[in-house]
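*Asks:* Next comes structure_20.pdb, PDB, C-alpha atoms:
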ATOM      1  CA  GLY Z   1      11.222 -10.830 -13.379  1.00  0.00           C
ATOM      2  CA  ALA Z   2      12.340  -7.365 -12.465  1.00  0.00           C
ATOM      3  CA  GLY Z   3       9.093  -6.394 -10.783  1.00  0.00           C
ATOM      4  CA  VAL Z   4       5.805  -7.754  -9.475  1.00  0.00           C
ATOM      5  CA  SER Z   5       3.604  -8.786 -12.363  1.00  0.00           C
ATOM      6  CA  GLN Z   6      -0.184  -8.862 -12.130  1.00  0.00           C
ATOM      7  CA  SER Z   7      -2.715 -10.087 -14.649  1.00  0.00           C
ATOM      8  CA  PRO Z   8      -5.114  -9.234 -16.017  1.00  0.00           C
ATOM      9  CA  ARG Z   9      -4.536  -5.502 -15.888  1.00  0.00           C
ATOM     10  CA  TYR Z  10      -8.277  -4.870 -16.249  1.00  0.00           C
ATOM     11  CA  LYS Z  11     -11.213  -7.184 -15.658  1.00  0.00           C
ATOM     12  CA  VAL Z  12     -14.887  -6.535 -16.220  1.00  0.00           C
ATOM     13  CA  ALA Z  13     -17.122  -9.131 -14.612  1.00  0.00           C
ATOM     14  CA  LYS Z  14     -20.850  -9.533 -14.610  1.00  0.00           C
ATOM     15  CA  ARG Z  15     -22.382  -9.630 -11.186  1.00  0.00           C
ATOM     16  CA  GLY Z  16     -22.344 -13.214  -9.938  1.00  0.00           C
ATOM     17  CA  GLN Z  17     -19.375 -14.245 -12.073  1.00  0.00           C
ATOM     18  CA  ASP Z  18     -16.230 -15.774 -10.546  1.00  0.00           C
ATOM     19  CA  VAL Z  19     -12.864 -14.109 -11.202  1.00  0.00           C
ATOM     20  CA  ALA Z  20      -9.245 -15.097 -10.650  1.00  0.00           C
ATOM     21  CA  LEU Z  21      -6.476 -12.537 -10.334  1.00  0.00           C
ATOM     22  CA  ARG Z  22      -2.865 -13.580 -10.715  1.00  0.00           C
ATOM     23  CA  CYS Z  23       0.269 -12.248  -9.057  1.00  0.00           C
ATOM     24  CA  ASP Z  24       3.835 -13.152  -9.992  1.00  0.00           C
ATOM     25  CA  PRO Z  25       6.156 -11.766  -7.294  1.00  0.00           C
ATOM     26  CA  ILE Z  26       9.813 -10.858  -7.536  1.00  0.00           C
ATOM     27  CA  SER Z  27      11.912 -14.006  -7.611  1.00  0.00           C
ATOM     28  CA  GLY Z  28      13.213 -14.844  -4.159  1.00  0.00           C
ATOM     29  CA  HIS Z  29      10.721 -12.700  -2.285  1.00  0.00           C
ATOM     30  CA  VAL Z  30       9.429 -14.720   0.628  1.00  0.00           C
ATOM     31  CA  SER Z  31       6.456 -12.540   1.535  1.00  0.00           C
ATOM     32  CA  LEU Z  32       3.484 -11.817  -0.691  1.00  0.00           C
ATOM     33  CA  PHE Z  33       0.596  -9.516   0.101  1.00  0.00           C
ATOM     34  CA  TRP Z  34      -2.797  -8.706  -1.380  1.00  0.00           C
ATOM     35  CA  TYR Z  35      -4.400  -5.305  -0.867  1.00  0.00           C
ATOM     36  CA  GLN Z  36      -7.606  -3.738  -2.138  1.00  0.00           C
ATOM     37  CA  GLN Z  37      -7.648  -0.063  -3.084  1.00  0.00           C
ATOM     38  CA  ALA Z  38     -10.855   1.846  -3.653  1.00  0.00           C
ATOM     39  CA  LEU Z  39     -10.764   5.117  -5.578  1.00  0.00           C
ATOM     40  CA  GLY Z  40      -9.266   7.916  -3.508  1.00  0.00           C
ATOM     41  CA  GLN Z  41      -8.426   5.651  -0.582  1.00  0.00           C
ATOM     42  CA  GLY Z  42      -5.338   3.997   0.801  1.00  0.00           C
ATOM     43  CA  PRO Z  43      -4.708   0.299   0.205  1.00  0.00           C
ATOM     44  CA  GLU Z  44      -6.639  -2.024   2.537  1.00  0.00           C
ATOM     45  CA  PHE Z  45      -5.054  -5.282   3.671  1.00  0.00           C
ATOM     46  CA  LEU Z  46      -6.600  -8.527   2.469  1.00  0.00           C
ATOM     47  CA  THR Z  47      -4.145 -11.334   3.170  1.00  0.00           C
ATOM     48  CA  TYR Z  48      -0.470 -12.266   3.249  1.00  0.00           C
ATOM     49  CA  PHE Z  49       1.748 -15.272   2.692  1.00  0.00           C
ATOM     50  CA  GLN Z  50       5.172 -16.253   3.831  1.00  0.00           C
ATOM     51  CA  ASN Z  51       6.290 -18.766   1.218  1.00  0.00           C
ATOM     52  CA  GLU Z  52       3.234 -21.018   0.746  1.00  0.00           C
ATOM     53  CA  ALA Z  53       1.819 -20.431   4.227  1.00  0.00           C
ATOM     54  CA  GLN Z  54      -1.068 -17.991   4.516  1.00  0.00           C
ATOM     55  CA  LEU Z  55      -0.211 -16.265   7.790  1.00  0.00           C
ATOM     56  CA  ASP Z  56      -3.005 -13.708   7.955  1.00  0.00           C
ATOM     57  CA  LYS Z  57      -6.278 -13.621   6.067  1.00  0.00           C
ATOM     58  CA  SER Z  58      -8.120 -11.359   8.449  1.00  0.00           C
ATOM     59  CA  GLY Z  59      -8.709  -8.706   5.778  1.00  0.00           C
ATOM     60  CA  LEU Z  60     -10.652 -10.891   3.366  1.00  0.00           C
ATOM     61  CA  PRO Z  61     -14.120  -9.264   3.296  1.00  0.00           C
ATOM     62  CA  SER Z  62     -16.148 -12.462   3.050  1.00  0.00           C
ATOM     63  CA  ASP Z  63     -15.914 -16.165   2.349  1.00  0.00           C
ATOM     64  CA  ARG Z  64     -16.327 -15.303  -1.335  1.00  0.00           C
ATOM     65  CA  PHE Z  65     -12.669 -14.258  -1.312  1.00  0.00           C
ATOM     66  CA  PHE Z  66      -9.971 -16.903  -1.398  1.00  0.00           C
ATOM     67  CA  ALA Z  67      -6.223 -16.659  -1.951  1.00  0.00           C
ATOM     68  CA  GLU Z  68      -3.572 -19.275  -2.487  1.00  0.00           C
ATOM     69  CA  ARG Z  69       0.153 -19.560  -3.137  1.00  0.00           C
ATOM     70  CA  PRO Z  70       0.629 -23.295  -3.471  1.00  0.00           C
ATOM     71  CA  GLU Z  71       4.320 -23.395  -4.392  1.00  0.00           C
ATOM     72  CA  GLY Z  72       5.442 -20.302  -2.567  1.00  0.00           C
ATOM     73  CA  SER Z  73       5.766 -18.251  -5.727  1.00  0.00           C
ATOM     74  CA  VAL Z  74       2.788 -17.264  -7.912  1.00  0.00           C
ATOM     75  CA  SER Z  75      -0.393 -16.367  -6.050  1.00  0.00           C
ATOM     76  CA  THR Z  76      -4.019 -16.252  -7.126  1.00  0.00           C
ATOM     77  CA  LEU Z  77      -6.799 -14.229  -5.542  1.00  0.00           C
ATOM     78  CA  LYS Z  78     -10.195 -15.684  -6.374  1.00  0.00           C
ATOM     79  CA  ILE Z  79     -13.491 -13.909  -5.899  1.00  0.00           C
ATOM     80  CA  GLN Z  80     -16.624 -15.964  -6.221  1.00  0.00           C
ATOM     81  CA  ARG Z  81     -20.059 -14.596  -7.128  1.00  0.00           C
ATOM     82  CA  THR Z  82     -18.751 -11.066  -7.606  1.00  0.00           C
ATOM     83  CA  GLN Z  83     -20.791  -8.159  -6.281  1.00  0.00           C
ATOM     84  CA  GLN Z  84     -20.685  -4.481  -7.256  1.00  0.00           C
ATOM     85  CA  GLU Z  85     -18.955  -3.584  -3.988  1.00  0.00           C
ATOM     86  CA  ASP Z  86     -16.018  -5.773  -5.079  1.00  0.00           C
ATOM     87  CA  SER Z  87     -15.149  -3.197  -7.756  1.00  0.00           C
ATOM     88  CA  ALA Z  88     -11.711  -1.858  -6.868  1.00  0.00           C
ATOM     89  CA  VAL Z  89      -8.039  -2.121  -7.761  1.00  0.00           C
ATOM     90  CA  TYR Z  90      -6.468  -5.273  -6.350  1.00  0.00           C
ATOM     91  CA  LEU Z  91      -2.797  -4.754  -5.582  1.00  0.00           C
ATOM     92  CA  CYS Z  92      -0.287  -7.493  -5.038  1.00  0.00           C
ATOM     93  CA  ALA Z  93       3.031  -6.764  -3.351  1.00  0.00           C
ATOM     94  CA  SER Z  94       6.061  -8.797  -2.442  1.00  0.00           C
ATOM     95  CA  SER Z  95       8.891  -8.313  -0.014  1.00  0.00           C
ATOM     96  CA  LEU Z  96      12.156 -10.052   0.704  1.00  0.00           C
ATOM     97  CA  ARG Z  97      10.968 -10.662   4.260  1.00  0.00           C
ATOM     98  CA  ASP Z  98       8.068  -9.444   6.367  1.00  0.00           C
ATOM     99  CA  ARG Z  99      10.502  -8.028   8.935  1.00  0.00           C
ATOM    100  CA  GLY Z 100      13.438  -5.706   8.606  1.00  0.00           C
ATOM    101  CA  PRO Z 101      13.871  -2.632   6.439  1.00  0.00           C
ATOM    102  CA  TYR Z 102      12.186  -4.211   3.444  1.00  0.00           C
ATOM    103  CA  GLY Z 103       9.377  -2.219   1.998  1.00  0.00           C
ATOM    104  CA  TYR Z 104       6.808  -3.701  -0.281  1.00  0.00           C
ATOM    105  CA  THR Z 105       7.207  -3.749  -4.054  1.00  0.00           C
ATOM    106  CA  PHE Z 106       3.740  -3.376  -5.509  1.00  0.00           C
ATOM    107  CA  GLY Z 107       2.531  -4.572  -8.870  1.00  0.00           C
ATOM    108  CA  SER Z 108       0.511  -2.368 -11.201  1.00  0.00           C
ATOM    109  CA  GLY Z 109      -2.703  -3.886  -9.920  1.00  0.00           C
ATOM    110  CA  THR Z 110      -5.800  -5.401 -11.460  1.00  0.00           C
ATOM    111  CA  ARG Z 111      -8.715  -3.019 -11.858  1.00  0.00           C
ATOM    112  CA  LEU Z 112     -11.897  -5.040 -11.342  1.00  0.00           C
ATOM    113  CA  THR Z 113     -15.204  -3.600 -12.435  1.00  0.00           C
ATOM    114  CA  VAL Z 114     -18.349  -5.546 -11.605  1.00  0.00           C
ATOM    115  CA  VAL Z 115     -21.346  -4.616 -13.741  1.00  0.00           C
TER     116      VAL Z 115
ATOM    117  CA  GLY T   1      -9.947  -0.201  16.103  1.00  0.00           C
ATOM    118  CA  GLN T   2      -6.445   0.917  15.210  1.00  0.00           C
ATOM    119  CA  GLN T   3      -6.365   3.944  12.941  1.00  0.00           C
ATOM    120  CA  VAL T   4      -3.755   5.801  10.911  1.00  0.00           C
ATOM    121  CA  MET T   5      -4.725   9.320   9.959  1.00  0.00           C
ATOM    122  CA  GLN T   6      -3.055  11.706   7.574  1.00  0.00           C
ATOM    123  CA  ILE T   7      -3.427  15.426   7.139  1.00  0.00           C
ATOM    124  CA  PRO T   8      -3.951  17.321   5.004  1.00  0.00           C
ATOM    125  CA  GLN T   9      -6.012  15.292   2.553  1.00  0.00           C
ATOM    126  CA  TYR T  10      -5.011  17.608  -0.309  1.00  0.00           C
ATOM    127  CA  GLN T  11      -2.237  20.138  -0.769  1.00  0.00           C
ATOM    128  CA  HIS T  12      -1.764  22.459  -3.704  1.00  0.00           C
ATOM    129  CA  VAL T  13       1.573  24.259  -3.889  1.00  0.00           C
ATOM    130  CA  GLN T  14       3.460  26.449  -6.290  1.00  0.00           C
ATOM    131  CA  GLU T  15       6.602  24.857  -7.665  1.00  0.00           C
ATOM    132  CA  GLY T  16       9.476  25.725  -5.383  1.00  0.00           C
ATOM    133  CA  GLU T  17       7.362  25.880  -2.214  1.00  0.00           C
ATOM    134  CA  ASP T  18       7.815  23.423   0.623  1.00  0.00           C
ATOM    135  CA  PHE T  19       5.300  20.695   1.496  1.00  0.00           C
ATOM    136  CA  THR T  20       4.648  18.695   4.655  1.00  0.00           C
ATOM    137  CA  THR T  21       2.279  15.824   5.345  1.00  0.00           C
ATOM    138  CA  TYR T  22       1.556  14.477   8.818  1.00  0.00           C
ATOM    139  CA  CYS T  23       0.691  10.975   9.905  1.00  0.00           C
ATOM    140  CA  ASN T  24      -0.841  10.058  13.267  1.00  0.00           C
ATOM    141  CA  SER T  25      -1.478   6.607  14.648  1.00  0.00           C
ATOM    142  CA  SER T  26      -3.943   5.707  17.381  1.00  0.00           C
ATOM    143  CA  THR T  27      -1.408   3.196  18.715  1.00  0.00           C
ATOM    144  CA  THR T  28       2.364   3.013  19.142  1.00  0.00           C
ATOM    145  CA  LEU T  29       4.015   1.631  16.028  1.00  0.00           C
ATOM    146  CA  SER T  30       7.089  -0.585  15.830  1.00  0.00           C
ATOM    147  CA  ASN T  31       7.931   1.105  12.542  1.00  0.00           C
ATOM    148  CA  ILE T  32       6.374   3.285   9.890  1.00  0.00           C
ATOM    149  CA  GLN T  33       6.688   3.169   6.122  1.00  0.00           C
ATOM    150  CA  TRP T  34       6.081   5.845   3.515  1.00  0.00           C
ATOM    151  CA  TYR T  35       4.903   5.263  -0.049  1.00  0.00           C
ATOM    152  CA  LYS T  36       4.318   7.499  -3.057  1.00  0.00           C
ATOM    153  CA  GLN T  37       1.642   6.785  -5.647  1.00  0.00           C
ATOM    154  CA  ARG T  38       1.696   8.745  -8.884  1.00  0.00           C
ATOM    155  CA  PRO T  39      -1.644   9.390 -10.632  1.00  0.00           C
ATOM    156  CA  GLY T  40      -2.730   6.145 -12.301  1.00  0.00           C
ATOM    157  CA  GLY T  41       0.185   4.270 -10.760  1.00  0.00           C
ATOM    158  CA  HIS T  42       0.847   1.965  -7.872  1.00  0.00           C
ATOM    159  CA  PRO T  43       2.399   2.707  -4.461  1.00  0.00           C
ATOM    160  CA  VAL T  44       6.198   2.887  -4.474  1.00  0.00           C
ATOM    161  CA  PHE T  45       8.145   2.337  -1.270  1.00  0.00           C
ATOM    162  CA  LEU T  46      10.098   5.393  -0.109  1.00  0.00           C
ATOM    163  CA  ILE T  47      11.434   4.574   3.349  1.00  0.00           C
ATOM    164  CA  GLN T  48      10.970   2.784   6.658  1.00  0.00           C
ATOM    165  CA  LEU T  49      11.588   4.431  10.035  1.00  0.00           C
ATOM    166  CA  VAL T  50      12.107   2.296  13.118  1.00  0.00           C
ATOM    167  CA  LYS T  51      13.695   4.274  15.945  1.00  0.00           C
ATOM    168  CA  SER T  52      12.023   6.794  18.203  1.00  0.00           C
ATOM    169  CA  GLY T  53      12.893  10.325  17.058  1.00  0.00           C
ATOM    170  CA  GLU T  54      14.529   9.042  13.889  1.00  0.00           C
ATOM    171  CA  VAL T  55      15.137  11.496  11.040  1.00  0.00           C
ATOM    172  CA  LYS T  56      16.122  10.344   7.565  1.00  0.00           C
ATOM    173  CA  LYS T  57      16.766  12.350   4.427  1.00  0.00           C
ATOM    174  CA  GLN T  58      16.507  11.429   0.772  1.00  0.00           C
ATOM    175  CA  LYS T  59      17.630  14.410  -1.305  1.00  0.00           C
ATOM    176  CA  ARG T  60      14.805  16.960  -0.865  1.00  0.00           C
ATOM    177  CA  LEU T  61      12.669  14.616   1.282  1.00  0.00           C
ATOM    178  CA  THR T  62      12.968  14.539   5.082  1.00  0.00           C
ATOM    179  CA  PHE T  63      11.190  11.896   7.117  1.00  0.00           C
ATOM    180  CA  GLN T  64      10.670  11.994  10.880  1.00  0.00           C
ATOM    181  CA  PHE T  65       9.374   9.452  13.371  1.00  0.00           C
ATOM    182  CA  GLY T  66       8.005  10.904  16.592  1.00  0.00           C
ATOM    183  CA  GLU T  67       9.486  10.280  20.018  1.00  0.00           C
ATOM    184  CA  ALA T  68       6.385   8.356  21.086  1.00  0.00           C
ATOM    185  CA  LYS T  69       6.400   6.394  17.803  1.00  0.00           C
ATOM    186  CA  LYS T  70       2.795   7.423  17.159  1.00  0.00           C
ATOM    187  CA  ASN T  71       3.355  10.106  14.566  1.00  0.00           C
ATOM    188  CA  SER T  72       5.494  10.809  11.571  1.00  0.00           C
ATOM    189  CA  SER T  73       5.991  13.474   8.962  1.00  0.00           C
ATOM    190  CA  LEU T  74       7.301  13.840   5.446  1.00  0.00           C
ATOM    191  CA  HIS T  75       8.679  17.208   4.381  1.00  0.00           C
ATOM    192  CA  ILE T  76       9.604  18.073   0.796  1.00  0.00           C
ATOM    193  CA  THR T  77      11.821  21.110   0.240  1.00  0.00           C
ATOM    194  CA  ALA T  78      11.383  23.151  -2.919  1.00  0.00           C
ATOM    195  CA  THR T  79       8.759  21.000  -4.599  1.00  0.00           C
ATOM    196  CA  GLN T  80       9.054  20.059  -8.248  1.00  0.00           C
ATOM    197  CA  THR T  81       6.393  18.893 -10.689  1.00  0.00           C
ATOM    198  CA  THR T  82       7.851  15.398 -10.393  1.00  0.00           C
ATOM    199  CA  ASP T  83       6.731  15.336  -6.746  1.00  0.00           C
ATOM    200  CA  VAL T  84       3.066  15.192  -7.793  1.00  0.00           C
ATOM    201  CA  GLY T  85       1.221  12.201  -6.372  1.00  0.00           C
ATOM    202  CA  THR T  86      -0.345  10.806  -3.219  1.00  0.00           C
ATOM    203  CA  TYR T  87       1.858  10.138  -0.222  1.00  0.00           C
ATOM    204  CA  PHE T  88       0.810   7.354   2.142  1.00  0.00           C
ATOM    205  CA  CYS T  89       2.121   6.370   5.531  1.00  0.00           C
ATOM    206  CA  ALA T  90       1.601   2.829   6.803  1.00  0.00           C
ATOM    207  CA  GLY T  91       2.250   0.952  10.003  1.00  0.00           C
ATOM    208  CA  PRO T  92       1.853  -2.620  11.233  1.00  0.00           C
ATOM    209  CA  ARG T  93      -1.627  -3.531  12.424  1.00  0.00           C
ATOM    210  CA  GLY T  94      -1.287  -4.905  15.935  1.00  0.00           C
ATOM    211  CA  GLY T  95       1.770  -7.102  16.086  1.00  0.00           C
ATOM    212  CA  SER T  96       1.554  -8.303  12.495  1.00  0.00           C
ATOM    213  CA  GLN T  97       4.307  -6.845  10.311  1.00  0.00           C
ATOM    214  CA  GLY T  98       2.694  -8.459   7.290  1.00  0.00           C
ATOM    215  CA  ASN T  99      -0.569  -6.588   7.825  1.00  0.00           C
ATOM    216  CA  LEU T 100      -0.017  -2.879   7.196  1.00  0.00           C
ATOM    217  CA  ILE T 101      -2.639  -0.274   7.880  1.00  0.00           C
ATOM    218  CA  PHE T 102      -2.385   2.626   5.439  1.00  0.00           C
ATOM    219  CA  GLY T 103      -3.516   6.180   5.955  1.00  0.00           C
ATOM    220  CA  LYS T 104      -5.851   7.735   3.381  1.00  0.00           C
ATOM    221  CA  GLY T 105      -2.937   9.667   1.938  1.00  0.00           C
ATOM    222  CA  THR T 106      -2.130  13.271   1.122  1.00  0.00           C
ATOM    223  CA  LYS T 107      -2.591  14.207  -2.506  1.00  0.00           C
ATOM    224  CA  LEU T 108      -0.006  16.749  -3.643  1.00  0.00           C
ATOM    225  CA  SER T 109      -0.424  18.864  -6.732  1.00  0.00           C
ATOM    226  CA  VAL T 110       2.307  21.246  -7.894  1.00  0.00           C
ATOM    227  CA  LYS T 111       1.635  24.241 -10.086  1.00  0.00           C
ATOM    228  CA  PRO T 112       4.555  25.057 -12.391  1.00  0.00           C
TER     229      PRO T 112
END
Would you write the structure of this file as structure tokens?

*Replies:*
Amino acid sequence: GAGVSQSPRYKVAKRGQDVALRCDPISGHVSLFWYQQALGQGPEFLTYFQNEAQLDKSGLPSDRFFAERPEGSVSTLKIQRTQQEDSAVYLCASSLRDRGPYGYTFGSGTRLTVV
Amino acid sequence: GQQVMQIPQYQHVQEGEDFTTYCNSSTTLSNIQWYKQRPGGHPVFLIQLVKSGEVKKQKRLTFQFGEAKKNSSLHITATQTTDVGTYFCAGPRGGSQGNLIFGKGTKLSVKP
């Protein structure tokens, strides 16, 4: 597609529920990134992929967070046993490469609210 | 740990006035990127600066990268209502280009 597509756009989860957030990057973009953005803050790094390889997952807050990109295209961020502090906007971005003058193209995000 | 700080946090200007936001890193950066996020929107890439002392212009926007590659600025000449939004700078965390550390942003409001 023309841009990075994320679904769902909004998700309300009961505390303890598992959620899965989907990201469909721009076709041909090698690098894919997940960021978490709390209200009034800058995006915080979670993890990134180059094709299907997860090169850095140092930003994942706990082992309840898991991300995959099995075929080097679509990615899923899974959060198990959601907690209230997980409430945030989850942004996915893709880039042609992770080096060079290629900025990130962000999707519209998934706003997760844990109640 | 590595930090990227931006000032001011908020800026309110009259339409037609100039605006500048400053970005300071605790460590030397290989490059710096700037993004704009409109209210309710997502960050949109504006530019990447790589060279020490680099200056780049995009219409009314002027971006600078400091000589020491630890600071940067974004200057908007004659602001318009379409400039409203939050401006973020971001740089690689450590040696990992895929892991960007973002500043908290400068929120610009423009009074017509």

*Asks:* Report as a ChimeraX atom specification the full result of the PyMOL selection byres ((chain T) within 8 of (chain Z)) when it is applied to this structure.

*Replies:* /T:33,41-48,88,97-105

*Asks:* What residues come out when you apply the PyMOL selection byres ((chain Z and resi 29) around 7) to this file, written as a list in words?

*Replies:*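 Applied to this file, the PyMOL selection byres ((chain Z and resi 29) around 7) returns Pro25, Ile26, Ser27, Gly28, Val30, Ser31, Ser94, Ser95, Leu96 and Arg97 of chain Z.
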
*Asks:* Just so the selection is clear, what residues does the PyMOL selection byres ((chain T and resi 67) around 12) cover here, as a PyMOL selection string?

*Replies:* chain T and resi 28-31+49-55+64-66+68-72

*Asks:* For Gln84 in chain Z, which residue out of Z:Leu112, Z:Leu39, Z:Cys23, Z:Leu60 is the nearest one, using only C-alpha atoms?

*Replies:* Z:Leu112

*Asks:* Quick one, how far is CA of Gln80 in chain Z from CA of Gly94 in chain T?

*Replies:*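 Pair CA of Gln80 in chain Z / CA of Gly94 in chain T returns 29.1 Å.
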
*Asks:* What would the list of residues within 10 Å of (-15.3, -6.7, -6.1) (file frame) look like as a compact mmCIF listing (two decimals) with C-alpha atoms, in the coordinates of the input, if all atoms listed in the file are what count?

*Replies:*
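Heads up, here's the output in out12.txt:
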# COMPACT_ATOMS: atom_id res chain seq x y z
CA ALA Z 13 -17.12 -9.13 -14.61
CA ARG Z 15 -22.38 -9.63 -11.19
CA VAL Z 19 -12.86 -14.11 -11.20
CA GLN Z 36 -7.61 -3.74 -2.14
CA ALA Z 38 -10.86 1.85 -3.65
CA PRO Z 61 -14.12 -9.26 3.30
CA ARG Z 64 -16.33 -15.30 -1.34
CA PHE Z 65 -12.67 -14.26 -1.31
CA ILE Z 79 -13.49 -13.91 -5.90
CA GLN Z 80 -16.62 -15.96 -6.22
CA ARG Z 81 -20.06 -14.60 -7.13
CA THR Z 82 -18.75 -11.07 -7.61
CA GLN Z 83 -20.79 -8.16 -6.28
CA GLN Z 84 -20.68 -4.48 -7.26
CA GLU Z 85 -18.95 -3.58 -3.99
CA ASP Z 86 -16.02 -5.77 -5.08
CA SER Z 87 -15.15 -3.20 -7.76
CA ALA Z 88 -11.71 -1.86 -6.87
CA VAL Z 89 -8.04 -2.12 -7.76
CA TYR Z 90 -6.47 -5.27 -6.35
CA ARG Z 111 -8.72 -3.02 -11.86
CA LEU Z 112 -11.90 -5.04 -11.34
CA THR Z 113 -15.20 -3.60 -12.44
CA VAL Z 114 -18.35 -5.55 -11.60
CA VAL Z 115 -21.35 -4.62 -13.74

*Asks:* Let me have the centre and edge lengths of the axis-aligned box enclosing all listed atoms of range 19-34 of chain Z with 3 Å padding on every side, in Å to one decimal, as AutoDock Vina command-line options.

*Replies:*
--center_x 0.2 --center_y -11.9 --center_z -4.8 --size_x 32.1 --size_y 12.4 --size_z 18.7

*Asks:* What is the distance, in Å and to one decimal place, between CA of Ala90 in chain T and CA of Glu71 in chain Z?

*Replies:*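 Distance reported for this atom pair: 28.6 Å.
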